[in-house]
Every structure is written in C-alpha cells, then in structure tokens.
Amino acid sequence: MFSKKLINIPNLLSGYRLFMFPVILYFALTGRENLFVTFLVINLVTDILDGFIARTFHLQTEFGARLDSIADVGSYILAFLGVFLFKLEEFRPHFLSFSVFLGLYISLHLLSLIKFRRFSSLHLYSSKIGGYLQGFFFFVLFVYDFYEPLYYVMICWGIMSQLEHISIQLMIPELRSNLKGLYWVLKERS
C-alpha cells in the first residue's frame with residue numbers, strides 16, 4: 001500500500017506535470033501553439049503550487065523532491081522546445097546568451113547523472129527564485145511576446161544559479177535534496 005507521504009497534493013501536482021509531458025509535447029510537435037501554451041502555463045502554475053503547498057503544510061519528502069525535479073526537467077524541455085518551434089525569430093539576437101544558459105542547464109543535470117546516477121533535487125534558494133523568474137518569462141513570452149529586460153534578468157539570474165548548482169554538486173560527496181545554497185554548504189563543511 002502507498003504511504004501517505006507518497007500520496008499528497010504536492011506529489012499529485014508533480015505527477016500531473018509528468019503525465020502531461022507527452023500530451024504537451026504532442027501539441028508542440030503538431031504545431032498546436034494555443035494548446036501548447038495553455039497546458040504549459042498550467043504546468044508552470046502547478047509547479048509553483050506544489051512547492052508552496054509542500055512547504056506550507058510540511059509535506060516535503062525526498063520522494064516529492066525527486067518527483068518535482070523530474071517534472072521540472074520535463075517542463076524545461078517543453079519550454080525550450082516551444083522556444084525553438086514557436087519563438088525562434090525572437091531569440092535569434094539572443095542566441096549566445098540563451099545557448100550559455102541552456103548549456104549550463106544541461107551540464108548540471110549531466111553532472112548529477114554521472115556523479116550521483118540520478119537527477120539533482122537540490123532546490124537551492126537561487127534555483128527557486130530562478131524558476132519563478134523563468135516561469136514568468138516563459139509565461140510572458142508565450143502569452144504576450146518577448147520582453148528583452150525580463151529576458152536578461154531571467155538569463156543572468158539563471159546562469160548564476162546554475163553555476164552555484166554545479167559548484168555545490170562538485171563539492172558534496174552524496175546528493176541531498178533541499179539544500180539552501182553555496183553559503184550554507186560551505187558553512188556546513190567548516
């Protein structure tokens with residue numbers, strides 16, 4: 001029987017995001033931009049809700065952190081695919097910075113898979129803030145249009161957050177969930 005710690009609202013929301021991944025992918029690949037955008041936005045909102053509910057009602061679990069991280073990767077894949085399928089012209093002038101951002105994102109996950117044999121679920125403060133900025137940027141991008149100042153705030157924060165994430169992964173001997181950030185990891189080591 002499933003434990004109450006496994007079946008809770010935050011995990012159901014993360015599970016929904018995983019379940020919807022192939023559906024949203026289908027919408028993207030078949031050029032159904034309106035359906036793609038609608039369900040991607042729902043995924044972004046459920047990502048915010050699952051973390052908020054888990055923290056507010058003390059429903060944070062290792063399983064939930066991992067499930068959320070896998071669902072986050074799926075949402076990022078969908079958002080990046082949407083950029084390339086539907087918004088490529090808007091991104092052409094910003095291709096270099098977006099490539100650095102995307103390369104670091106892929107690198108931190110590859111590092112985690114190589115070093116720890118699973119996706120990272122650090123959930124750093126900087127990553128959480130970055131996730132909100134990225135979610136807001138993708139919402140504005142797909143619902144309204146490309147907004148350059150928001151893009152550069154999102155991309156700069158994202159790059160700094162990913163560098164922090166990679167640094168922590170290189171420092172820690174085993175993967176743990178819900179670390180706060182580099183400051184706290186260094187403080188713990190001393």
# chains A, B, ... in the order shown; residues from 1 in each chain; ligands from 1
$ residues_around --residues "stretch 14-16 of chain A" --least-positions-apart "4" --cutoff "12 Å" --atoms "only C-alpha atoms" --output "PDB file with C-alpha atoms, in the first residue's frame"
ATOM      1  CA  LEU A   6       3.878   9.476  -1.185  1.00  0.00           C
ATOM      2  CA  ILE A   7       0.288  10.371  -1.988  1.00  0.00           C
ATOM      3  CA  ASN A   8      -0.269  14.011  -1.174  1.00  0.00           C
ATOM      4  CA  ILE A   9      -1.311  17.099  -3.112  1.00  0.00           C
ATOM      5  CA  PRO A  10       2.219  18.301  -3.989  1.00  0.00           C
ATOM      6  CA  MET A  20       1.003  15.856 -19.168  1.00  0.00           C
ATOM      7  CA  PHE A  21       4.527  15.907 -20.627  1.00  0.00           C
ATOM      8  CA  PRO A  22       3.726  13.671 -23.643  1.00  0.00           C
ATOM      9  CA  VAL A  23       0.415  15.464 -24.220  1.00  0.00           C
ATOM     10  CA  ILE A  24       2.048  18.906 -24.286  1.00  0.00           C
ATOM     11  CA  PHE A  39      -1.081  23.465 -20.876  1.00  0.00           C
ATOM     12  CA  LEU A  40       2.497  24.707 -20.448  1.00  0.00           C
ATOM     13  CA  ILE A  42      -0.906  25.127 -16.301  1.00  0.00           C
ATOM     14  CA  ASN A  43       2.308  23.144 -15.739  1.00  0.00           C
ATOM     15  CA  LEU A  44       4.128  26.295 -14.618  1.00  0.00           C
ATOM     16  CA  VAL A  45       1.321  27.157 -12.177  1.00  0.00           C
ATOM     17  CA  THR A  46       1.205  23.635 -10.740  1.00  0.00           C
ATOM     18  CA  ASP A  47       4.997  23.798 -10.283  1.00  0.00           C
ATOM     19  CA  ILE A  48       4.570  26.888  -8.104  1.00  0.00           C
ATOM     20  CA  LEU A  49       1.658  25.334  -6.227  1.00  0.00           C
ATOM     21  CA  ASP A  50       3.309  22.014  -5.432  1.00  0.00           C
ATOM     22  CA  GLY A  51       6.309  23.665  -3.772  1.00  0.00           C
ATOM     23  CA  ILE A  53       1.807  23.532  -0.593  1.00  0.00           C
ATOM     24  CA  ALA A  54       4.661  21.176   0.365  1.00  0.00           C
ATOM     25  CA  PHE A  63      10.367  11.269  -2.985  1.00  0.00           C
ATOM     26  CA  GLY A  64       8.477  14.510  -3.581  1.00  0.00           C
ATOM     27  CA  ALA A  65      11.692  16.470  -4.143  1.00  0.00           C
ATOM     28  CA  ARG A  66      12.857  13.930  -6.731  1.00  0.00           C
ATOM     29  CA  LEU A  67       9.458  13.777  -8.426  1.00  0.00           C
ATOM     30  CA  ASP A  68       9.322  17.580  -8.580  1.00  0.00           C
ATOM     31  CA  SER A  69      12.827  17.748 -10.056  1.00  0.00           C
ATOM     32  CA  ILE A  70      11.990  15.235 -12.789  1.00  0.00           C
ATOM     33  CA  ALA A  71       8.776  17.123 -13.575  1.00  0.00           C
ATOM     34  CA  ASP A  72      10.795  20.371 -13.678  1.00  0.00           C
ATOM     35  CA  VAL A  73      13.156  18.866 -16.256  1.00  0.00           C
ATOM     36  CA  GLY A  74      10.139  17.903 -18.359  1.00  0.00           C
ATOM     37  CA  SER A  75       8.681  21.408 -18.119  1.00  0.00           C
TER      38      SER A  75
END
$ residues_around --residues "A:Pro173" --least-positions-apart "2" --cutoff "12 Å" --atoms "only C-alpha atoms" --output "PyMOL selection string"
chain A and resi 112+115-116+168-171+175-176+185+189
$ residues_around --residues "A:Ile159" --least-positions-apart "6" --cutoff "12 Å" --atoms "only C-alpha atoms" --output "list in words"
Ser97, Phe98, Ser99, Val100, Phe101, Leu102, Gly103, Leu104, Tyr105, Ile106, Ser107, Leu108, Ser126, Ser127, Gly130, Gly131, Gln134, Tyr152, Val153, His165 and Ile166 of chain A
$ closest_residue --among "A:Arg117, A:Leu88, A:Leu182, A:Gly82" --to "A:Arg32" --atoms "only C-alpha atoms"
A:Gly82
$ atom_distance --atom1 "atom CA of A:Met154" --atom2 "atom CA of A:Leu12"
28.0 Å
$ closest_residue --among "A:Tyr183, A:Phe27, A:Phe19, A:Phe142" --to "A:Glu90" --atoms "only C-alpha atoms"
A:Phe142
$ residues_around --residues "stretch 84-86 of chain A" --least-positions-apart "6" --cutoff "10 Å" --atoms "only C-alpha atoms" --output "JSON, numbers by chain"
{"A": [28, 29, 31, 32, 33, 78, 142]}
$ write_last_selection --atoms "C-alpha atoms" --output "CSV table (one decimal), in the first residue's frame"
chain,number,residue,atom,x,y,z
A,28,ALA,CA,4.1,21.3,-29.7
A,29,LEU,CA,5.2,18.8,-32.4
A,31,GLY,CA,2.0,22.9,-34.2
A,32,ARG,CA,-0.9,23.5,-31.9
A,33,GLU,CA,0.6,26.5,-30.3
A,78,LEU,CA,8.8,21.6,-23.2
A,142,PHE,CA,4.2,32.6,-24.9
$ atom_distance --atom1 "atom CA of A:Glu164" --atom2 "atom CA of A:Asn178"
14.0 Å
$ atom_distance --atom1 "atom CA of A:Pro149" --atom2 "atom CA of A:Ile129"
16.8 Å
$ closest_residue --among "A:Leu111, A:Leu141, A:Cys156, A:Leu59" --to "A:Phe91" --atoms "only C-alpha atoms"
A:Leu141
$ select_by_dssp --residues "stretch 108-138 of chain A" --states "alpha helix (DSSP H)" --output "JSON, numbers by chain"
{"A": [108, 109, 110, 111, 112, 113, 114, 115, 116, 125, 126, 127, 128, 129, 130, 131, 132, 133, 134, 135, 136, 137, 138]}
